[in-house]
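File shown here: entry.tsv, holding TSV, C-alpha atoms.
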chain	number	residue	atom	x	y	z
A	1	MET	CA	-16.43	52.00	-25.35
A	2	GLU	CA	-13.12	53.80	-25.19
A	3	LYS	CA	-10.27	52.29	-23.21
A	4	ILE	CA	-9.71	54.01	-19.90
A	5	ALA	CA	-6.36	55.79	-19.52
A	6	SER	CA	-4.73	53.16	-17.30
A	7	PHE	CA	-5.33	50.49	-19.96
A	8	THR	CA	-3.43	52.51	-22.58
A	9	ILE	CA	-0.08	52.25	-20.72
A	10	ASP	CA	2.32	49.72	-22.23
A	11	HIS	CA	2.53	47.26	-19.33
A	12	LEU	CA	5.16	45.25	-21.20
A	13	ARG	CA	7.61	48.15	-20.79
A	14	LEU	CA	6.45	49.39	-17.39
A	15	LEU	CA	9.00	49.08	-14.57
A	16	PRO	CA	8.52	49.62	-10.85
A	17	GLY	CA	8.45	53.36	-10.21
A	18	LEU	CA	6.36	56.37	-9.24
A	19	TYR	CA	4.23	57.73	-12.07
A	20	VAL	CA	1.56	60.35	-12.66
A	21	SER	CA	-1.36	58.25	-13.84
A	22	ARG	CA	-3.82	61.07	-14.50
A	23	ARG	CA	-5.06	64.49	-13.47
A	24	ASP	CA	-8.74	65.26	-13.07
A	25	ARG	CA	-10.55	68.53	-12.53
A	26	VAL	CA	-13.13	68.53	-9.76
A	27	GLY	CA	-14.74	71.95	-9.90
A	28	ALA	CA	-11.87	74.44	-9.58
A	29	GLU	CA	-9.52	71.86	-8.04
A	30	VAL	CA	-7.17	69.32	-9.60
A	31	VAL	CA	-6.73	65.79	-8.28
A	32	THR	CA	-3.54	63.97	-9.28
A	33	THR	CA	-3.58	60.18	-9.33
A	34	PHE	CA	-0.21	58.52	-8.84
A	35	ASP	CA	0.74	54.99	-9.85
A	36	LEU	CA	3.00	53.51	-7.16
A	37	ARG	CA	4.14	50.53	-9.23
A	38	MET	CA	5.82	48.06	-6.90
A	39	THR	CA	6.30	45.06	-9.19
A	40	ARG	CA	6.96	44.65	-12.88
A	41	PRO	CA	3.66	43.78	-14.57
A	42	ASN	CA	3.44	40.36	-16.19
A	43	GLU	CA	7.06	39.57	-15.25
A	44	GLU	CA	7.17	39.38	-11.45
A	45	PRO	CA	4.68	37.60	-9.20
A	46	VAL	CA	1.84	39.81	-8.04
A	47	MET	CA	1.49	40.65	-4.36
A	48	ASN	CA	-0.81	38.45	-2.29
A	49	THR	CA	-3.95	39.99	-0.88
A	50	ALA	CA	-2.81	39.73	2.77
A	51	GLU	CA	0.26	41.93	2.27
A	52	VAL	CA	-1.62	44.28	-0.06
A	53	HIS	CA	-4.30	44.66	2.63
A	54	THR	CA	-1.65	45.35	5.29
A	55	ILE	CA	0.13	47.95	3.12
A	56	GLU	CA	-3.24	49.59	2.48
A	57	HIS	CA	-4.01	49.89	6.21
A	58	LEU	CA	-0.53	51.17	7.09
A	59	GLY	CA	-0.23	53.51	4.11
A	60	ALA	CA	-3.68	55.04	4.57
A	61	THR	CA	-3.06	55.55	8.30
A	62	PHE	CA	0.34	57.14	7.61
A	63	LEU	CA	-1.01	59.47	4.90
A	64	ARG	CA	-4.12	60.61	6.78
A	65	ASN	CA	-1.97	61.47	9.80
A	66	HIS	CA	0.82	63.19	7.87
A	67	PRO	CA	1.29	66.78	9.10
A	68	VAL	CA	1.73	68.22	5.59
A	69	TRP	CA	-0.10	65.85	3.23
A	70	GLY	CA	-2.90	64.54	5.48
A	71	GLY	CA	-5.35	67.23	4.37
A	72	ARG	CA	-4.50	66.68	0.71
A	73	THR	CA	-4.84	62.89	0.76
A	74	ILE	CA	-7.97	61.74	-1.05
A	75	TYR	CA	-7.34	58.01	-1.44
A	76	PHE	CA	-4.67	55.31	-1.13
A	77	GLY	CA	-5.49	51.80	-2.24
A	78	PRO	CA	-4.44	48.77	-4.28
A	79	MET	CA	-4.60	48.23	-7.99
A	80	GLY	CA	-6.82	45.34	-8.97
A	81	CYS	CA	-3.87	43.64	-10.68
A	82	ARG	CA	-1.96	43.67	-7.36
A	83	THR	CA	1.20	45.17	-8.87
A	84	GLY	CA	1.00	48.44	-6.97
A	85	PHE	CA	-1.17	51.14	-5.42
A	86	TYR	CA	-2.95	54.32	-6.44
A	87	LEU	CA	-2.47	57.49	-4.43
A	88	LEU	CA	-4.82	60.41	-5.09
A	89	LEU	CA	-3.74	63.82	-3.83
A	90	ALA	CA	-5.32	67.25	-4.13
A	91	GLY	CA	-3.32	69.53	-6.39
A	92	GLU	CA	-1.60	69.50	-9.76
A	93	LEU	CA	1.53	67.58	-8.80
A	94	GLU	CA	4.50	65.81	-10.35
A	95	SER	CA	6.03	62.51	-9.29
A	96	ARG	CA	9.26	64.15	-8.13
A	97	GLU	CA	7.28	66.45	-5.79
A	98	ILE	CA	5.83	63.55	-3.83
A	99	LEU	CA	8.86	61.26	-3.94
A	100	PRO	CA	9.89	62.31	-0.39
A	101	LEU	CA	6.37	61.58	0.91
A	102	VAL	CA	6.16	58.15	-0.73
A	103	THR	CA	9.67	57.27	0.45
A	104	GLU	CA	8.76	58.31	4.01
A	105	MET	CA	5.56	56.24	3.84
A	106	TYR	CA	7.35	53.10	2.65
A	107	ARG	CA	9.99	53.50	5.36
A	108	PHE	CA	7.13	53.64	7.85
A	109	ILE	CA	5.65	50.45	6.36
A	110	ARG	CA	9.03	48.69	6.25
A	111	ASP	CA	9.76	49.53	9.89
A	112	PHE	CA	6.27	49.02	11.33
A	113	ARG	CA	5.93	46.46	14.11
A	114	GLY	CA	2.98	45.65	16.32
A	115	GLU	CA	-0.76	45.66	15.72
A	116	VAL	CA	-1.76	46.87	12.26
A	117	PRO	CA	-4.10	49.89	12.64
A	118	GLY	CA	-7.70	48.93	11.97
A	119	ALA	CA	-7.00	45.18	12.00
A	120	SER	CA	-9.87	44.21	14.26
A	121	PRO	CA	-13.33	42.75	13.55
A	122	LYS	CA	-14.95	46.03	14.62
A	123	ASP	CA	-12.78	48.15	12.29
A	124	CYS	CA	-12.30	46.01	9.16
A	125	GLY	CA	-14.42	43.68	7.05
A	126	ASN	CA	-11.60	41.18	6.56
A	127	TYR	CA	-9.27	41.83	9.49
A	128	LEU	CA	-7.70	38.34	9.47
A	129	ASP	CA	-6.32	38.78	5.95
A	130	MET	CA	-3.10	40.56	6.96
A	131	ASN	CA	0.58	39.72	6.59
A	132	LEU	CA	2.81	42.31	8.26
A	133	LYS	CA	6.10	40.46	7.66
A	134	MET	CA	5.50	40.32	3.91
A	135	ALA	CA	4.32	43.94	3.87
A	136	ASN	CA	7.60	44.90	5.59
A	137	LEU	CA	9.61	42.96	2.98
A	138	LEU	CA	7.72	44.37	-0.01
A	139	ALA	CA	8.11	47.90	1.35
A	140	GLU	CA	11.86	47.32	1.69
A	141	LYS	CA	12.03	46.10	-1.92
A	142	TYR	CA	10.09	49.13	-3.22
A	143	LEU	CA	12.24	51.49	-1.14
A	144	LYS	CA	15.27	50.35	-3.15
A	145	VAL	CA	13.46	51.54	-6.29
A	146	LEU	CA	12.46	54.86	-4.69
A	147	GLU	CA	15.86	55.61	-3.18
A	148	GLY	CA	17.65	54.99	-6.49
A	149	ILE	CA	14.93	56.28	-8.78
A	150	THR	CA	15.89	57.50	-12.23
A	151	PRO	CA	13.93	59.97	-14.41
A	152	ASP	CA	12.57	57.16	-16.61
A	153	ARG	CA	10.80	55.69	-13.58
A	154	LEU	CA	8.96	58.95	-12.88
A	155	VAL	CA	7.16	59.17	-16.28
A	156	TYR	CA	5.25	56.40	-18.05
A	157	PRO	CA	7.10	54.81	-20.97
A	158	ALA	CA	6.11	56.30	-24.34

Take the structure in the file and give it back as structure tokens.
Amino acid sequence: MEKIASFTIDHLRLLPGLYVSRRDRVGAEVVTTFDLRMTRPNEEPVMNTAEVHTIEHLGATFLRNHPVWGGRTIYFGPMGCRTGFYLLLAGELESREILPLVTEMYRFIRDFRGEVPGASPKDCGNYLDMNLKMANLLAEKYLKVLEGITPDRLVYPA
């Protein structure tokens, strides 16, 4: 079998950033998958499942309710390696185009207090596995990357 595209990226050179992972045609439409890489693969500790789960709930809620991007949001969820998230949006997009959206979302996550949306036994299959404080801290750390992002952190390393 051929390697899938995400396994062809040099993870030894990959830094936290905001990357276009792939573009797929679905009929006449294009779906762009973004790699929101929050930690340096194989160098930094991975995120624990509780904070990943919390970021997923907060990020998905933020995106689906966004006045501009809500209707173009297809999916937001964690990478299996727990070093970041995938965001799928309708349209042929570049990282720089969605940088304001992702920055706004991570500010929302950093500043969120209170009950995590969907964190109840009726709404979630693992509602106890949440860590809002750590999600706040990880969002703050990633915001520093986003707010000072350089062009090399918007395109995968060659």

- request: Scan for residues within 10 Å of the point (-10.3, 45.1, 9.1) in the coordinates of the file, using only C-alpha atoms, and reply as a PyMOL selection string.
  value: chain A and resi 53-54+57+116-130

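The coordinates place atom CA of A:Phe62 at 6.5 Å from atom CA of A:Met105.
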
Could you give me, as a Markdown table, every stretch 41-94 of chain A residue with an atom at most 10 Å from stretch 2-14 of chain A, plus its closest atom pair and distance in Å to one decimal, counting only C-alpha atoms, rows ordered by chain then number?
| residue | atom | partner | partner_atom | distance |
| --- | --- | --- | --- | --- |
| A:Pro41 | CA | A:His11 | CA | 6.0 |
| A:Asn42 | CA | A:Leu12 | CA | 7.2 |
| A:Glu43 | CA | A:Leu12 | CA | 8.4 |

I need the residues from that last selection saved to file as an mmCIF file, in the coordinates of the input (with C-alpha atoms), if you can.
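Writing done, so here's again-v8.cif:
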data_model
loop_
_atom_site.group_PDB
_atom_site.id
_atom_site.type_symbol
_atom_site.label_atom_id
_atom_site.label_comp_id
_atom_site.auth_asym_id
_atom_site.auth_seq_id
_atom_site.Cartn_x
_atom_site.Cartn_y
_atom_site.Cartn_z
ATOM 1 C CA PRO A 41 3.660 43.780 -14.570
ATOM 2 C CA ASN A 42 3.440 40.360 -16.190
ATOM 3 C CA GLU A 43 7.060 39.570 -15.250
#

Write out as a CSV table (one decimal) with C-alpha atoms, keeping the file's coordinate frame the residues lying within 10 Å of A:Ile109, counting all atoms listed in the file and excluding same-chain residues fewer than 3 positions away.
chain,number,residue,atom,x,y,z
A,54,THR,CA,-1.6,45.4,5.3
A,55,ILE,CA,0.1,48.0,3.1
A,56,GLU,CA,-3.2,49.6,2.5
A,57,HIS,CA,-4.0,49.9,6.2
A,58,LEU,CA,-0.5,51.2,7.1
A,59,GLY,CA,-0.2,53.5,4.1
A,62,PHE,CA,0.3,57.1,7.6
A,103,THR,CA,9.7,57.3,0.4
A,104,GLU,CA,8.8,58.3,4.0
A,105,MET,CA,5.6,56.2,3.8
A,106,TYR,CA,7.4,53.1,2.6
A,112,PHE,CA,6.3,49.0,11.3
A,113,ARG,CA,5.9,46.5,14.1
A,132,LEU,CA,2.8,42.3,8.3
A,135,ALA,CA,4.3,43.9,3.9
A,136,ASN,CA,7.6,44.9,5.6
A,137,LEU,CA,9.6,43.0,3.0
A,138,LEU,CA,7.7,44.4,0.0
A,139,ALA,CA,8.1,47.9,1.4
A,140,GLU,CA,11.9,47.3,1.7

message: Here is a test: counting only C-alpha atoms, which residue of A:Val46, A:Leu143, A:Leu18, A:Ile74 is nearest to A:Ser95?
response: A:Leu18

With all atoms of stretch 21-40 of chain A from the file as input, state the centre and edge lengths in Å to one decimal of the axis-aligned box that has 6 Å extra on each side, as lines of an AutoDock Vina configuration file.
center_x = -3.9
center_y = 59.5
center_z = -10.7
size_x = 33.7
size_y = 41.8
size_z = 19.6
